[in-house]
Amino acid sequence: MSSSCNGNCSACGSDCADRQAESLLAELNPNASVKKVIAVVSGKGGVGKSTVTAMLAVAMARQGKRVGVLDADITGPSAPTAFGVTECQGADEHGLYPALTRTGIQVMSINLLLDDPADPVVWRGPVIAGAVKQFWTDVIWEDVDYLFVDMPPGTGDVPLTVFQSLPVDGVIIVTSPQDLVSMIVAKAVKMANLMHIPVLGFVENYSYLQCPDCGKKISVFGKSHLDEIAAQFDLPVLARLPIDPAVAEAYDNGQMETVNTEVLADVVKALEKTEG
């Protein structure tokens, strides 16, 4: 450290050993309160990540927690559909108030701001990433214990923005039993590790189909290899969700707060451990 150093690394061009890395964390809206931020990610689309996000929000709300869902999938938003909400509570000079579901879950999504939810969002990556960041800086999240961030698939602009700009406390990785997923899951884990964010574990969706007559579990997508991947990274498989037409119907009809979430019991326990 130079004798003339004043400790302000942001105003200094020297590359000394004591230089502090500049934080990229965005400031939460001063009128908001969020205790824990949990990112729900997937390496590829089509694995039911948004469904799992909605179920996690419902499961934690049933534990008496105040919950929010930040829909970071700007080009494919679906959180409002899952919870049957169509508009925000309003806005004032302090910021934007998220939509409120029947059971009090707070939801923010680009679809709540469009004149027509069917209108496509044709924006370039940096603009999309900026919108997600504004969902943190401009939205008034009211006393939220757990804010679940429904991430777009992959490892592009938005996941990078969320990991750098939001104080993410943990990552849940959603996957499916298909062979291709092995490599994709590894990419998601390695990105979280690169950003120094703990991976809490895996949730395997579409794990099996249970026969309504005999109760036999049928592996529609073949044998799962998730246990091998989990062992490779020393991470737990927290839940295996079946193919359930009732859940899909509830999602499409805005009734996710009515679904059974008992299968996520171990995920709830893992989330509660982040409170320590």
# chains A, B, ... in the order shown; residues from 1 in each chain; ligands from 1

call {"tool": "select_by_dssp", "arguments": {"residues": "region 28-180 of chain A", "states": "strand (DSSP E or B)", "output": "VMD selection string"}}
result
chain A and resid 34 to 41 67 to 71 90 to 92 95 to 97 99 to 100 106 to 108 139 144 to 150 170 to 175

call {"tool": "residues_around", "arguments": {"residues": "Val144 (chain A)", "least_positions_apart": "3", "cutoff": "9 Å", "atoms": "only C-alpha atoms", "output": "PyMOL selection string"}}
result
chain A and resi 32-36+65-68+106+141+147

call {"tool": "residues_around", "arguments": {"residues": "Ala39 (chain A)", "least_positions_apart": "6", "cutoff": "6 Å", "atoms": "only C-alpha atoms", "output": "ChimeraX atom specification"}}
result
/A:148-149,171

call {"tool": "residues_around", "arguments": {"residues": "Ser224 (chain A)", "least_positions_apart": "4", "cutoff": "8 Å", "atoms": "only C-alpha atoms", "output": "list in words"}}
result
Ser176, Pro177, Gln178, Asp179 and Ser207 of chain A

call {"tool": "write_last_selection", "arguments": {"atoms": "all heavy atoms", "output": "mmCIF file, in the first residue's frame"}}
result
data_model
loop_
_atom_site.group_PDB
_atom_site.id
_atom_site.type_symbol
_atom_site.label_atom_id
_atom_site.label_comp_id
_atom_site.auth_asym_id
_atom_site.auth_seq_id
_atom_site.Cartn_x
_atom_site.Cartn_y
_atom_site.Cartn_z
ATOM 1 N N SER A 176 -33.990 -32.383 -14.743
ATOM 2 C CA SER A 176 -34.878 -33.471 -15.128
ATOM 3 C C SER A 176 -34.023 -34.715 -15.368
ATOM 4 O O SER A 176 -32.789 -34.624 -15.405
ATOM 5 C CB SER A 176 -35.663 -33.097 -16.391
ATOM 6 O OG SER A 176 -34.809 -33.039 -17.509
ATOM 7 N N PRO A 177 -34.636 -35.893 -15.528
ATOM 8 C CA PRO A 177 -33.834 -37.122 -15.636
ATOM 9 C C PRO A 177 -33.131 -37.337 -16.970
ATOM 10 O O PRO A 177 -32.389 -38.309 -17.105
ATOM 11 C CB PRO A 177 -34.890 -38.230 -15.416
ATOM 12 C CG PRO A 177 -36.072 -37.565 -14.840
ATOM 13 C CD PRO A 177 -36.068 -36.176 -15.402
ATOM 14 N N GLN A 178 -33.347 -36.515 -17.951
ATOM 15 C CA GLN A 178 -32.765 -36.752 -19.275
ATOM 16 C C GLN A 178 -31.239 -36.734 -19.244
ATOM 17 O O GLN A 178 -30.622 -35.976 -18.506
ATOM 18 C CB GLN A 178 -33.287 -35.713 -20.259
ATOM 19 C CG GLN A 178 -34.790 -35.814 -20.512
ATOM 20 C CD GLN A 178 -35.340 -34.556 -21.151
ATOM 21 O OE1 GLN A 178 -35.277 -33.481 -20.577
ATOM 22 N NE2 GLN A 178 -35.882 -34.703 -22.354
ATOM 23 N N ASP A 179 -30.621 -37.575 -20.077
ATOM 24 C CA ASP A 179 -29.164 -37.704 -20.107
ATOM 25 C C ASP A 179 -28.468 -36.383 -20.405
ATOM 26 O O ASP A 179 -27.428 -36.062 -19.833
ATOM 27 C CB ASP A 179 -28.743 -38.737 -21.170
ATOM 28 C CG ASP A 179 -29.017 -40.166 -20.722
ATOM 29 O OD1 ASP A 179 -29.161 -40.373 -19.503
ATOM 30 O OD2 ASP A 179 -29.102 -41.048 -21.586
ATOM 31 N N SER A 207 -39.624 -36.462 -12.461
ATOM 32 C CA SER A 207 -38.817 -37.605 -12.052
ATOM 33 C C SER A 207 -39.484 -38.939 -12.398
ATOM 34 O O SER A 207 -38.816 -39.901 -12.778
ATOM 35 C CB SER A 207 -38.551 -37.535 -10.548
ATOM 36 O OG SER A 207 -37.648 -38.530 -10.150
#

call {"tool": "select_by_dssp", "arguments": {"residues": "region 33-234 of chain A", "states": "helix (DSSP H, G or I)", "output": "NGL selection string"}}
result
:A and (49-61 or 79-83 or 110-112 or 125-137 or 157-165 or 181-194 or 226-233)
